[in-house]
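Undergrad: Just structure_39.cif, nothing more (mmCIF, C-alpha atoms):
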data_protein
loop_
_atom_site.label_atom_id
_atom_site.label_comp_id
_atom_site.auth_asym_id
_atom_site.auth_seq_id
_atom_site.Cartn_x
_atom_site.Cartn_y
_atom_site.Cartn_z
CA MET A 1 105.07 60.10 74.18
CA THR A 2 104.82 60.42 70.40
CA ALA A 3 107.38 62.40 68.44
CA SER A 4 104.84 65.13 67.61
CA MET A 5 103.79 65.40 71.26
CA PHE A 6 107.44 65.54 72.30
CA LEU A 7 108.12 68.33 69.82
CA ASP A 8 105.04 70.31 70.87
CA ALA A 9 105.93 69.80 74.53
CA PHE A 10 109.48 70.97 73.85
CA TRP A 11 108.31 74.23 72.26
CA VAL A 12 105.66 74.85 74.90
CA LEU A 13 108.21 74.25 77.64
CA THR A 14 110.70 76.54 75.93
CA THR A 15 107.99 79.20 75.74
CA ARG A 16 107.09 78.71 79.39
CA PHE A 17 110.72 78.96 80.49
CA VAL A 18 111.02 82.24 78.60
CA MET A 19 107.77 83.39 80.20
CA ARG A 20 108.96 82.39 83.66
CA ALA A 21 112.23 84.21 83.10
CA ALA A 22 110.28 87.34 82.16
CA ASN A 23 107.96 86.86 85.12
CA LEU A 24 110.93 86.40 87.41
CA VAL A 25 112.48 89.69 86.31
CA VAL A 26 109.14 91.47 86.82
CA PHE A 27 108.82 89.71 90.15
CA MET A 28 112.29 90.85 91.26
CA LEU A 29 111.69 94.46 90.22
CA LEU A 30 108.34 94.60 92.01
CA ALA A 31 109.66 92.93 95.17
CA ARG A 32 112.43 95.51 95.37
CA SER A 33 110.31 98.54 94.47
CA LEU A 34 107.15 97.93 96.50
CA ASP A 35 106.88 97.63 100.25
CA PRO A 36 105.63 94.25 101.56
CA GLU A 37 102.05 95.52 101.91
CA SER A 38 101.88 96.86 98.34
CA PHE A 39 103.58 93.71 97.07
CA GLY A 40 100.95 91.71 98.91
CA TRP A 41 98.21 93.71 97.17
CA TYR A 42 99.82 93.01 93.80
CA GLY A 43 99.79 89.31 94.62
CA TYR A 44 96.17 89.61 95.66
CA VAL A 45 95.28 91.21 92.31
CA MET A 46 97.19 88.54 90.37
CA ALA A 47 95.64 85.65 92.27
CA SER A 48 92.13 87.10 92.04
CA ALA A 49 92.39 87.88 88.31
CA LEU A 50 93.62 84.38 87.56
CA MET A 51 90.93 82.75 89.66
CA LEU A 52 88.07 84.85 88.29
CA SER A 53 89.22 84.42 84.68
CA VAL A 54 89.01 80.67 85.20
CA ILE A 55 85.58 80.92 86.84
CA PHE A 56 84.05 83.18 84.19
CA ASP A 57 85.66 81.21 81.38
CA ALA A 58 83.10 78.53 82.38
CA GLY A 59 85.23 75.82 80.77
CA LEU A 60 84.86 77.45 77.34
CA ARG A 61 88.60 77.28 76.65
CA GLN A 62 88.47 73.47 76.74
CA SER A 63 84.95 73.29 75.29
CA GLY A 64 85.92 75.50 72.36
CA GLY A 65 89.03 73.40 71.74
CA LEU A 66 86.99 70.20 71.84
CA HIS A 67 84.35 71.44 69.38
CA LEU A 68 86.80 73.14 67.04
CA GLY A 69 88.94 69.99 66.89
CA ARG A 70 86.10 67.85 65.53
CA ASP A 71 86.06 66.93 61.85
CA GLY A 72 83.61 69.04 59.86
CA ALA A 73 83.15 71.66 62.60
CA ASP A 74 81.77 75.06 61.53
CA ARG A 75 84.72 76.89 63.02
CA ARG A 76 83.63 80.42 62.12
CA ARG A 77 80.26 79.95 63.77
CA ILE A 78 81.79 78.38 66.88
CA LEU A 79 84.34 81.18 67.31
CA ALA A 80 81.71 83.88 66.74
CA ASN A 81 79.58 82.45 69.52
CA ILE A 82 82.56 82.11 71.86
CA LEU A 83 83.31 85.82 71.36
CA ALA A 84 79.65 86.70 71.93
CA LEU A 85 79.73 84.78 75.21
CA TRP A 86 82.93 86.64 76.16
CA LEU A 87 81.16 90.00 75.88
CA VAL A 88 78.69 88.94 78.56
CA LEU A 89 81.08 86.99 80.76
CA GLY A 90 83.75 89.70 80.55
CA LEU A 91 81.41 92.36 81.93
CA ALA A 92 80.23 90.05 84.71
CA GLY A 93 83.81 89.06 85.55
CA SER A 94 84.98 92.67 85.77
CA ALA A 95 82.15 93.47 88.18
CA ALA A 96 83.07 90.44 90.27
CA MET A 97 86.73 91.54 90.31
CA ALA A 98 85.71 94.93 91.68
CA LEU A 99 83.70 93.25 94.43
CA VAL A 100 86.58 90.95 95.35
CA MET A 101 88.92 93.91 95.63
CA ARG A 102 86.47 95.75 97.89
CA TRP A 103 85.97 92.61 99.98
CA GLY A 104 89.74 92.35 100.39
CA GLY A 105 89.87 95.90 101.76
CA MET A 106 91.22 97.82 98.76
CA ALA A 107 90.44 101.50 99.35
CA ASP A 108 92.41 102.97 96.42
CA ALA A 109 89.83 103.58 93.68
CA THR A 110 92.47 103.68 90.93
CA VAL A 111 93.87 100.25 91.78
CA LEU A 112 90.36 98.85 92.17
CA LEU A 113 89.22 100.08 88.73
CA LEU A 114 92.40 98.96 86.99
CA ALA A 115 92.16 95.52 88.58
CA ALA A 116 88.53 95.21 87.49
CA ALA A 117 89.40 96.29 83.93
CA THR A 118 92.19 93.68 83.75
CA LEU A 119 89.72 90.83 84.04
CA ALA A 120 88.08 91.29 80.61
CA PRO A 121 91.22 91.02 78.39
CA THR A 122 92.60 88.25 80.62
CA LEU A 123 89.40 86.30 80.02
CA LEU A 124 89.50 86.95 76.26
CA VAL A 125 93.04 85.58 76.02
CA ARG A 126 92.06 82.48 77.97
CA MET A 127 88.89 81.77 75.98
CA GLY A 128 90.51 82.56 72.63
CA GLN A 129 93.38 80.13 73.21
CA GLY A 130 90.90 77.29 72.95
CA THR A 131 91.00 77.91 69.20
CA PHE A 132 94.70 77.08 69.07
CA LEU A 133 94.23 73.99 71.27
CA GLY A 134 91.47 72.58 69.07
CA LEU A 135 93.29 73.21 65.80
CA GLY A 136 96.71 72.18 67.05
CA ARG A 137 98.15 75.64 66.34
CA MET A 138 100.67 75.41 69.17
CA ARG A 139 103.00 78.02 67.72
CA GLU A 140 100.29 80.67 67.92
CA LEU A 141 99.33 79.48 71.39
CA ASN A 142 102.92 80.06 72.48
CA GLN A 143 102.99 83.51 70.87
CA SER A 144 99.77 84.55 72.59
CA GLU A 145 101.24 83.41 75.91
CA LEU A 146 104.49 85.30 75.39
CA ALA A 147 102.86 88.55 74.28
CA SER A 148 101.46 89.59 77.66
CA ARG A 149 104.71 88.68 79.46
CA ALA A 150 106.84 90.60 76.99
CA LEU A 151 104.69 93.72 77.30
CA LEU A 152 104.62 93.43 81.09
CA LEU A 153 108.40 92.97 81.26
CA VAL A 154 109.15 95.99 79.06
CA GLY A 155 106.67 98.22 80.86
CA THR A 156 107.81 97.20 84.34
CA ALA A 157 111.48 97.64 83.46
CA LEU A 158 110.82 101.12 82.08
CA ALA A 159 108.79 102.13 85.14
CA TRP A 160 111.52 100.81 87.42
CA ALA A 161 114.25 102.64 85.49
CA LEU A 162 112.25 105.88 85.72
CA GLY A 163 111.60 105.36 89.43
CA VAL A 164 107.80 105.38 89.08
CA LEU A 165 107.02 101.72 89.84
CA THR A 166 104.18 102.05 92.36
CA ILE A 167 101.27 99.69 92.99
CA GLU A 168 99.08 101.84 90.74
CA VAL A 169 101.57 101.70 87.88
CA ALA A 170 102.15 97.96 88.37
CA VAL A 171 98.44 97.14 88.08
CA ALA A 172 98.05 99.51 85.11
CA LEU A 173 100.87 97.67 83.33
CA LEU A 174 99.16 94.37 84.11
CA PHE A 175 96.00 95.64 82.38
CA LEU A 176 97.89 96.98 79.36
CA SER A 177 99.86 93.75 78.91
CA PHE A 178 96.75 91.57 78.75
CA ALA A 179 94.92 94.08 76.57
CA GLY A 180 97.81 93.96 74.09
CA ALA A 181 97.85 90.15 74.16
CA ALA A 182 94.09 90.08 73.53
CA CYS A 183 94.50 92.31 70.45
CA LEU A 184 97.27 90.06 69.13
CA LEU A 185 95.12 86.96 69.64
CA LEU A 186 92.25 88.48 67.64
CA TRP A 187 94.71 89.27 64.85
CA MET A 188 95.99 85.69 64.82
CA VAL A 189 92.48 84.22 64.47
CA ARG A 190 91.39 86.75 61.84
CA ASP A 191 91.07 83.91 59.30
CA LEU A 192 88.18 82.55 61.39
CA LEU A 193 86.49 85.85 62.17
CA SER A 194 83.33 86.74 60.29
CA MET A 195 80.12 88.67 60.73
CA PRO A 196 78.47 87.61 64.00
CA ARG A 197 76.28 84.55 63.56
CA ILE A 198 74.74 84.14 66.97
CA ASP A 199 73.29 80.68 67.43
CA LEU A 200 71.66 79.86 70.78
CA ASP A 201 71.95 76.12 70.12
CA VAL A 202 75.71 76.43 69.59
CA MET A 203 76.01 78.57 72.72
CA ARG A 204 74.08 76.03 74.79
CA GLU A 205 76.25 73.18 73.52
CA LEU A 206 79.45 75.11 74.21
CA LEU A 207 78.32 76.01 77.72
CA ALA A 208 77.03 72.52 78.51
CA THR A 209 80.37 70.98 77.52
CA GLY A 210 82.30 73.77 79.21
CA LEU A 211 80.54 73.37 82.53
CA ALA A 212 81.65 69.74 82.63
CA PHE A 213 85.23 71.05 82.54
CA ALA A 214 84.69 74.15 84.64
CA GLY A 215 84.26 72.59 88.07
CA GLY A 216 87.52 70.66 87.89
CA ILE A 217 89.50 73.52 86.38
CA ILE A 218 88.24 76.02 88.94
CA ALA A 219 89.01 73.65 91.78
CA MET A 220 92.46 72.92 90.32
CA ILE A 221 93.38 76.61 90.13
CA LEU A 222 91.77 77.35 93.48
CA LEU A 223 93.86 74.65 95.11
CA GLY A 224 96.99 76.62 94.29
CA ARG A 225 95.55 80.03 95.23
CA ILE A 226 93.32 79.52 98.26
CA GLY A 227 96.23 80.15 100.61
CA ILE A 228 96.49 83.77 99.41
CA TRP A 229 93.04 84.68 100.71
CA ILE A 230 93.34 82.71 103.94
CA VAL A 231 96.76 84.16 104.78
CA ASN A 232 95.33 87.61 104.07
CA ALA A 233 92.40 86.91 106.41
CA THR A 234 94.39 85.31 109.22
CA LEU A 235 97.87 86.87 109.12
CA GLY A 236 97.57 90.23 107.33
CA THR A 237 98.64 91.88 104.09
CA ALA A 238 102.36 92.03 104.92
CA GLU A 239 102.43 88.25 105.40
CA VAL A 240 100.56 87.85 102.11
CA GLY A 241 103.53 89.54 100.42
CA ALA A 242 105.96 86.97 101.84
CA TYR A 243 103.63 84.07 101.07
CA PHE A 244 103.06 85.33 97.52
CA ALA A 245 106.82 85.64 97.01
CA VAL A 246 107.73 82.08 98.00
CA MET A 247 104.56 80.60 96.51
CA ARG A 248 105.28 82.12 93.08
CA LEU A 249 108.85 80.84 93.18
CA SER A 250 107.84 77.31 94.16
CA GLU A 251 104.93 76.99 91.75
CA MET A 252 107.18 77.57 88.75
CA ILE A 253 107.84 73.84 89.03
CA ALA A 254 104.15 72.97 88.78
CA GLU A 255 103.66 75.49 85.97
CA VAL A 256 106.01 73.47 83.78
CA ALA A 257 103.70 70.48 84.29
CA THR A 258 100.69 72.69 83.57
CA ALA A 259 102.28 73.78 80.29
CA VAL A 260 102.83 70.18 79.24
CA GLY A 261 99.23 69.47 80.24
CA VAL A 262 98.12 71.93 77.56
CA VAL A 263 99.93 69.85 74.93
CA ILE A 264 98.46 66.63 76.31
CA PHE A 265 94.94 68.06 76.06
CA SER A 266 95.49 69.39 72.53
CA HIS A 267 96.68 65.98 71.32
CA GLY A 268 94.04 64.13 73.32
CA VAL A 269 91.04 65.88 71.76
CA ARG A 270 92.34 64.84 68.34
CA ASN A 271 93.15 61.24 69.32
CA THR A 272 90.31 58.73 68.95
CA ASP A 273 92.29 55.83 70.50
CA ARG A 274 91.50 56.17 74.22
CA ASP A 275 94.09 53.64 75.47
CA ALA A 276 96.88 55.06 73.29
CA ALA A 277 96.07 58.57 74.52
CA ALA A 278 96.19 57.39 78.15
CA LEU A 279 99.54 55.68 77.67
CA ALA A 280 101.00 58.78 76.00
CA THR A 281 99.75 60.89 78.91
CA VAL A 282 101.32 58.58 81.49
CA ARG A 283 104.65 58.57 79.67
CA THR A 284 104.66 62.35 79.59
CA ALA A 285 103.58 62.71 83.23
CA ARG A 286 106.27 60.47 84.68
CA CYS A 287 109.05 62.11 82.65
CA VAL A 288 108.00 65.65 83.52
CA THR A 289 107.62 64.82 87.22
CA ALA A 290 111.05 63.14 87.33
CA VAL A 291 112.73 66.19 85.80
CA MET A 292 110.87 68.56 88.12
CA ALA A 293 111.84 66.42 91.12
CA CYS A 294 115.51 66.99 90.25
CA VAL A 295 114.87 70.72 89.96
CA GLY A 296 113.00 70.62 93.28
CA VAL A 297 115.94 69.02 95.09
CA LEU A 298 118.20 71.84 93.92
CA ALA A 299 115.61 74.44 94.95
CA ILE A 300 115.39 72.93 98.45
CA LEU A 301 119.16 72.78 98.88
CA PHE A 302 119.71 76.37 97.75
CA ALA A 303 116.48 77.92 99.02
CA GLY A 304 118.16 80.82 100.84
CA PRO A 305 120.35 82.01 97.94
CA ILE A 306 117.48 81.57 95.45
CA ILE A 307 115.15 83.74 97.52
CA ARG A 308 117.84 86.35 98.21
CA LEU A 309 118.80 86.55 94.54
CA THR A 310 115.25 86.72 93.18
CA VAL A 311 113.00 88.60 95.60
CA GLY A 312 115.48 90.01 98.09
CA ALA A 313 116.88 89.39 101.56
CA ALA A 314 113.66 90.61 103.19
CA TYR A 315 111.99 87.31 102.28
CA VAL A 316 114.75 84.88 103.26
CA GLU A 317 112.97 84.23 106.56
CA ALA A 318 110.31 82.42 104.54
CA ALA A 319 112.85 79.89 103.19
CA GLY A 320 111.37 77.09 105.32
CA ALA A 321 107.91 77.66 103.85
CA PHE A 322 109.47 77.78 100.37
CA ARG A 323 111.06 74.34 100.82
CA ILE A 324 107.75 72.80 101.88
CA LEU A 325 105.92 74.47 98.98
CA VAL A 326 108.50 73.06 96.54
CA VAL A 327 107.70 69.53 97.72
CA GLY A 328 104.01 70.17 97.09
CA SER A 329 104.71 71.60 93.64
CA VAL A 330 106.69 68.52 92.60
CA LEU A 331 103.94 66.19 93.82
CA SER A 332 101.30 68.23 92.00
CA CYS A 333 103.04 67.60 88.66
CA PHE A 334 101.25 64.26 88.41
CA ALA A 335 97.83 65.86 88.75
CA MET A 336 98.67 68.73 86.38
CA THR A 337 99.68 66.35 83.59
CA LEU A 338 97.37 63.38 84.14
CA TYR A 339 94.11 65.31 84.44
CA PRO A 340 94.31 67.08 81.02
CA GLY A 341 94.69 63.70 79.33
CA LEU A 342 91.78 62.29 81.29
CA SER A 343 89.53 65.24 80.52
CA SER A 344 90.36 65.17 76.79
CA GLN A 345 88.99 61.60 76.65
CA GLY A 346 85.68 62.30 78.39
CA GLY A 347 86.88 62.17 81.99
CA ALA A 348 86.34 65.84 82.86
CA LYS A 349 84.04 64.80 85.72
CA TYR A 350 87.03 63.63 87.74
CA GLY A 351 88.33 67.19 88.02
CA LEU A 352 85.75 68.38 90.51
CA ARG A 353 85.71 65.04 92.29
CA VAL A 354 89.45 65.16 92.92
CA PHE A 355 90.45 68.82 93.02
CA GLY A 356 87.29 69.88 94.87
CA PRO A 357 88.01 67.86 98.05
CA GLY A 358 91.70 68.75 97.67
CA THR A 359 90.86 72.45 97.72
CA LEU A 360 88.60 72.03 100.75
CA LEU A 361 91.36 70.14 102.51
CA ALA A 362 93.95 72.82 101.67
CA GLY A 363 91.61 75.59 102.84
CA GLY A 364 90.67 73.85 106.07
CA LEU A 365 94.25 72.95 106.96
CA CYS A 366 95.46 76.45 106.09
CA TRP A 367 92.77 78.09 108.24
CA TRP A 368 93.80 75.83 111.12
CA LEU A 369 97.61 75.84 110.76
CA ALA A 370 98.38 79.37 109.52
CA PRO A 371 97.39 81.11 112.82
CA ILE A 372 99.51 78.56 114.71
CA TRP A 373 102.66 78.28 112.57
CA GLY A 374 102.33 81.27 110.23
CA LEU A 375 103.66 80.79 106.71
CA MET A 376 105.01 77.34 107.59
CA GLY A 377 101.48 76.24 108.48
CA ALA A 378 100.08 77.60 105.23
CA ALA A 379 102.83 75.84 103.26
CA ILE A 380 102.23 72.51 105.02
CA ALA A 381 98.50 72.74 104.27
CA MET A 382 99.17 73.35 100.58
CA SER A 383 101.74 70.57 100.18
CA VAL A 384 99.64 67.94 101.97
CA ALA A 385 96.63 68.71 99.76
CA GLN A 386 98.69 68.71 96.54
CA GLY A 387 100.33 65.41 97.43
CA LEU A 388 97.01 63.69 98.12
CA VAL A 389 95.45 65.05 94.91
CA GLY A 390 98.40 63.74 92.87
CA LEU A 391 98.12 60.31 94.52
CA VAL A 392 94.37 60.07 93.87
CA MET A 393 94.86 60.98 90.19
CA ILE A 394 97.47 58.22 89.86
CA VAL A 395 95.06 55.69 91.38
CA ILE A 396 92.32 56.79 88.96
CA TYR A 397 94.62 56.07 85.99
CA ARG A 398 95.52 52.71 87.49
CA ARG A 399 91.85 51.80 87.87
CA ASN A 400 90.57 53.17 84.53
CA PHE A 401 93.36 52.06 82.21
CA GLY A 402 95.03 49.18 84.03
CA ILE A 403 98.45 50.85 83.98
CA GLY A 404 100.73 49.77 86.83
CA LEU A 405 101.50 52.24 89.60
CA LEU A 406 105.26 51.96 89.11
CA GLN A 407 104.78 52.45 85.38
CA ILE A 408 102.89 55.67 86.06
CA ILE A 409 105.29 57.05 88.65
CA PHE A 410 108.80 56.18 87.46
CA PRO A 411 110.46 56.76 84.05
CA GLN A 412 110.87 53.61 81.93
CA GLY A 413 113.49 52.49 79.46
CA GLU A 414 111.22 53.35 76.54
CA ASP A 415 111.24 57.00 77.64
CA PHE A 416 114.99 57.25 77.22
CA SER A 417 114.78 55.39 73.88
CA THR A 418 112.15 57.82 72.59
CA LEU A 419 114.27 60.79 73.63
CA TRP A 420 117.39 59.32 72.03
CA ASN A 421 115.58 58.50 68.78
CA PHE A 422 114.07 61.98 68.64
CA LEU A 423 117.42 63.72 69.16
CA SER A 424 119.16 61.37 66.72
CA SER A 425 116.58 62.02 63.99
CA LYS A 426 116.94 65.77 64.48
CA PHE A 427 120.72 65.51 64.24
CA ARG A 428 120.53 63.35 61.08
CA ARG A 429 118.11 65.80 59.48
CA ARG A 430 120.37 68.73 60.34
CA SER A 431 123.40 66.88 58.97
CA ALA A 432 121.57 66.15 55.71
CA ILE A 433 120.68 69.82 55.27
CA HIS A 434 124.09 71.15 56.38
CA PRO A 435 126.69 68.39 55.69
CA GLU A 436 129.51 70.71 56.75
CA ALA A 437 128.03 70.91 60.28
CA ALA A 438 128.51 67.19 60.77
#
Show me this structure written as structure tokens.
TA:
Amino acid sequence: MTASMFLDAFWVLTTRFVMRAANLVVFMLLARSLDPESFGWYGYVMASALMLSVIFDAGLRQSGGLHLGRDGADRRRILANILALWLVLGLAGSAAMALVMRWGGMADATVLLLAAATLAPTLLVRMGQGTFLGLGRMRELNQSELASRALLLVGTALAWALGVLTIEVAVALLFLSFAGAACLLLWMVRDLLSMPRIDLDVMRELLATGLAFAGGIIAMILLGRIGIWIVNATLGTAEVGAYFAVMRLSEMIAEVATAVGVVIFSHGVRNTDRDAAALATVRTARCVTAVMACVGVLAILFAGPIIRLTVGAAYVEAAGAFRILVVGSVLSCFAMTLYPGLSSQGGAKYGLRVFGPGTLLAGGLCWWLAPIWGLMGAAIAMSVAQGLVGLVMIVIYRRNFGIGLLQIIFPQGEDFSTLWNFLSSKFRRRSAIHPEAA
């Protein structure tokens, strides 16, 4: 891991921890204010909005980052065409969100319309962040990520304090938070905005590149979310609430790896040395997974108190499923960090080839095991699939780059040296600026 990648990863991780803390507070307030069925519906909206935003993004987040990161790119023209594509894809995505809500059995027209409206700004934030990835503007990426969480936290806390936190209000706040984040993102890229210059050739190139990414990204996200729909179909909405609760807690581990994957991709698209990029990715992946494994052990040991403290005693019965999901989340860290590096160097095709079968495996196992063992069955299905996907991604790196399996999996001495040198340089710089602090 290079010093610049380490620094970017540090700030992205700091941002994600702040985001997760905000999400956790929102999560706790909702779990205590909504009944299990309404909480299950909120989870259904969240999972569906995330999944559909990835589908209708069509890989344009990564495609935009790749094209914008090239030397001599006409960045104004590229961004204008990305926004033009968003107008079309946003409308289609909102219509699809409405259909998904109806298919799931949502009869409340207010919740249905709010959920459908949420899709468009969510998609704009996702597509627009490709600009920051391509240009290496990680600070603005972090700010755009934090904006929606901050708005959602403030709004949810106010609604809870006023005693009006219903499912309708919760989904309305979700829409407003992403709408606010979308407005902030447009403000941050105002230096690249210009009069629309629609270019069909640019659009075709963006979409062609994006579709190479899209299959793998969709399958990757679907792997973590398919259990929501299957539990809803086989066990009922109340069980979805419990599954959503423990799933969201456990996947915070994998989300740290996902955040680092964003940094890996941003550096990868600007790195022309394929072998050096692969080695940097491996170094990052093994360190992140090792740290998350330590966090996972603590989560498994204290599963009951963690669940009781965060989402309430009503969900403690799902502690067994939570422990199994934590194991899967730790194992998935390899896939979440290795794949972004692979895709940034022209290996996007592996996404669908690896995550696609993994998603089918998770769905099939969940459909089989959930009716037999309930939430435990759904958790086992998810963890088995995540573990196999992580293993396959490790083997792909071993085959493509000749890096040893042990070197990929376990931290090496050089990792500790890099960390020590980085911290030492920061301390020396601080001492030079503020001698009295030394």
Undergrad: To test your reading of the syntax: which residues would the PyMOL selection byres ((chain A and resi 337) around 7) return for the file shown? Reply as a PyMOL selection string.
TA: chain A and resi 257-258+260-261+285+333-336+338-340
Undergrad: Only C-alpha atoms, please: the residues just picked out, written as a PDB file, keeping the file's coordinate frame.
TA:
ATOM      1  CA  ALA A 257     103.700  70.480  84.290  1.00  0.00           C
ATOM      2  CA  THR A 258     100.690  72.690  83.570  1.00  0.00           C
ATOM      3  CA  VAL A 260     102.830  70.180  79.240  1.00  0.00           C
ATOM      4  CA  GLY A 261      99.230  69.470  80.240  1.00  0.00           C
ATOM      5  CA  ALA A 285     103.580  62.710  83.230  1.00  0.00           C
ATOM      6  CA  CYS A 333     103.040  67.600  88.660  1.00  0.00           C
ATOM      7  CA  PHE A 334     101.250  64.260  88.410  1.00  0.00           C
ATOM      8  CA  ALA A 335      97.830  65.860  88.750  1.00  0.00           C
ATOM      9  CA  MET A 336      98.670  68.730  86.380  1.00  0.00           C
ATOM     10  CA  LEU A 338      97.370  63.380  84.140  1.00  0.00           C
ATOM     11  CA  TYR A 339      94.110  65.310  84.440  1.00  0.00           C
ATOM     12  CA  PRO A 340      94.310  67.080  81.020  1.00  0.00           C
TER      13      PRO A 340
END
Undergrad: Between A:Leu30, A:Gly128, A:Leu68, A:Thr110, which residue has the minimum interatomic distance to A:Ala172, considering only C-alpha atoms?
TA: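 Distance minimum relative to A:Ala172 lands on A:Thr110.
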Undergrad: Have a look at A:Leu165, A:Val246, A:Arg126, A:Ala181 and name the one nearest to A:Tyr315; count only C-alpha atoms.
TA: A:Val246
Undergrad: Any idea what's packed within 10 Å of A:Gly104, counting all atoms listed in the file, ignoring anything in its chain fewer than 3 positions away? Could you give it as a list in words?
TA: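 In the requested form, the answer reads Trp41, Tyr44, Val45, Ala98, Leu99, Val100, Met101, Ala107, Trp229, Asn232, Ala233 and Thr237 of chain A.
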Undergrad: Could you write out as an NGL selection string the residues that the PyMOL selection byres ((chain A and resi 148-150) around 10) matches in the shown file?
TA: :A and (18-23 or 26 or 122 or 125 or 143-147 or 151-156 or 173-182 or 184)
Undergrad: Which of these residues is nearest to A:Glu414, using only C-alpha atoms: A:Cys294, A:Ala280, A:Ile78, A:Ala319?
TA: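 When distances to A:Glu414 are compared using only C-alpha atoms, the smallest one comes from A:Ala280.
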Undergrad: Quick one: which stretch 334-394 of chain A residues come within 12 Å of stretch 198-209 of chain A, and what is the nearest atom pair for each with the distance in Å to one decimal, counting only C-alpha atoms, rows ordered by chain and ascending number, as a tab-separated table?
TA:
residue	atom	partner	partner_atom	distance
A:Ser343	CA	A:Thr209	CA	11.2
A:Ser344	CA	A:Thr209	CA	11.6
A:Gly346	CA	A:Thr209	CA	10.2
A:Gly347	CA	A:Thr209	CA	11.8
A:Ala348	CA	A:Thr209	CA	9.5
A:Lys349	CA	A:Thr209	CA	10.9
Undergrad: Just give me the gap between atom CA of A:Asp57 and atom CA of A:Leu123 in Å, one decimal is fine.
TA: 6.5 Å
Undergrad: For A:Phe302, work out the shell of residues within 12 Å, counting all atoms listed in the file and skipping chain neighbours fewer than 5 positions away, then give it as a PyMOL selection string.
TA: chain A and resi 295-297+307-309+316+319-320+322-323+326
Undergrad: How far is it from atom CA of A:Ser63 to atom CA of A:Arg248, in Å with one decimal?
TA: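 That distance, rounded to one decimal, is 28.4 Å.
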Undergrad: So that I can check the surroundings of A:Val88, please list as a list in words every protein, DNA and RNA residue that reaches within 10 Å of it, counting all atoms listed in the file and ignoring chain neighbours fewer than 4 positions away.
TA: Phe56, Leu83, Ala84, Ala92, Gly93 and Ala120 of chain A
Undergrad: Residues as selected, C-alpha atoms, written as a PDB file, keeping the file's coordinate frame, can you do that?
TA:
ATOM      1  CA  PHE A  56      84.050  83.180  84.190  1.00  0.00           C
ATOM      2  CA  LEU A  83      83.310  85.820  71.360  1.00  0.00           C
ATOM      3  CA  ALA A  84      79.650  86.700  71.930  1.00  0.00           C
ATOM      4  CA  ALA A  92      80.230  90.050  84.710  1.00  0.00           C
ATOM      5  CA  GLY A  93      83.810  89.060  85.550  1.00  0.00           C
ATOM      6  CA  ALA A 120      88.080  91.290  80.610  1.00  0.00           C
TER       7      ALA A 120
END
Undergrad: With only C-alpha atoms as the atoms that count, which of A:Leu391, A:Ala80, A:Ala318, A:Ile380 lies nearest to A:Leu405?
TA: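 Of A:Leu391, A:Ala80, A:Ala318, A:Ile380, the one nearest A:Leu405, counting only C-alpha atoms, is A:Leu391.
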Undergrad: Within 12 Å of stretch 211-225 of chain A, which residues of stretch 26-99 of chain A come that close, and what is the closest atom pair and distance in Å for each? Count all atoms listed in the file and give it as JSON lines.
TA:
{"residue": "A:Gly43", "atom": "CA", "partner": "A:Arg225", "partner_atom": "CA", "distance": 10.2}
{"residue": "A:Tyr44", "atom": "CA", "partner": "A:Arg225", "partner_atom": "CA", "distance": 9.6}
{"residue": "A:Val45", "atom": "CA", "partner": "A:Arg225", "partner_atom": "CA", "distance": 11.6}
{"residue": "A:Met46", "atom": "CA", "partner": "A:Arg225", "partner_atom": "CA", "distance": 9.9}
{"residue": "A:Ala47", "atom": "CA", "partner": "A:Arg225", "partner_atom": "CA", "distance": 6.4}
{"residue": "A:Ser48", "atom": "CA", "partner": "A:Arg225", "partner_atom": "CA", "distance": 8.5}
{"residue": "A:Ala49", "atom": "CA", "partner": "A:Arg225", "partner_atom": "CA", "distance": 10.9}
{"residue": "A:Leu50", "atom": "CA", "partner": "A:Ile221", "partner_atom": "CA", "distance": 8.2}
{"residue": "A:Met51", "atom": "CA", "partner": "A:Ile221", "partner_atom": "CA", "distance": 6.6}
{"residue": "A:Leu52", "atom": "CA", "partner": "A:Ile218", "partner_atom": "CA", "distance": 8.9}
{"residue": "A:Ser53", "atom": "CA", "partner": "A:Ile218", "partner_atom": "CA", "distance": 9.5}
{"residue": "A:Val54", "atom": "CA", "partner": "A:Ile218", "partner_atom": "CA", "distance": 6.0}
{"residue": "A:Ile55", "atom": "CA", "partner": "A:Ile218", "partner_atom": "CA", "distance": 6.0}
{"residue": "A:Phe56", "atom": "CA", "partner": "A:Ala214", "partner_atom": "CA", "distance": 9.1}
{"residue": "A:Asp57", "atom": "CA", "partner": "A:Ala214", "partner_atom": "CA", "distance": 7.8}
{"residue": "A:Ala58", "atom": "CA", "partner": "A:Ala214", "partner_atom": "CA", "distance": 5.2}
{"residue": "A:Gly59", "atom": "CA", "partner": "A:Ala214", "partner_atom": "CA", "distance": 4.2}
{"residue": "A:Leu60", "atom": "CA", "partner": "A:Leu211", "partner_atom": "CA", "distance": 7.9}
{"residue": "A:Arg61", "atom": "CA", "partner": "A:Phe213", "partner_atom": "CA", "distance": 9.2}
{"residue": "A:Gln62", "atom": "CA", "partner": "A:Phe213", "partner_atom": "CA", "distance": 7.1}
{"residue": "A:Ser63", "atom": "CA", "partner": "A:Phe213", "partner_atom": "CA", "distance": 7.6}
{"residue": "A:Gly64", "atom": "CA", "partner": "A:Phe213", "partner_atom": "CA", "distance": 11.1}
{"residue": "A:Gly65", "atom": "CA", "partner": "A:Phe213", "partner_atom": "CA", "distance": 11.7}
{"residue": "A:Leu66", "atom": "CA", "partner": "A:Phe213", "partner_atom": "CA", "distance": 10.9}
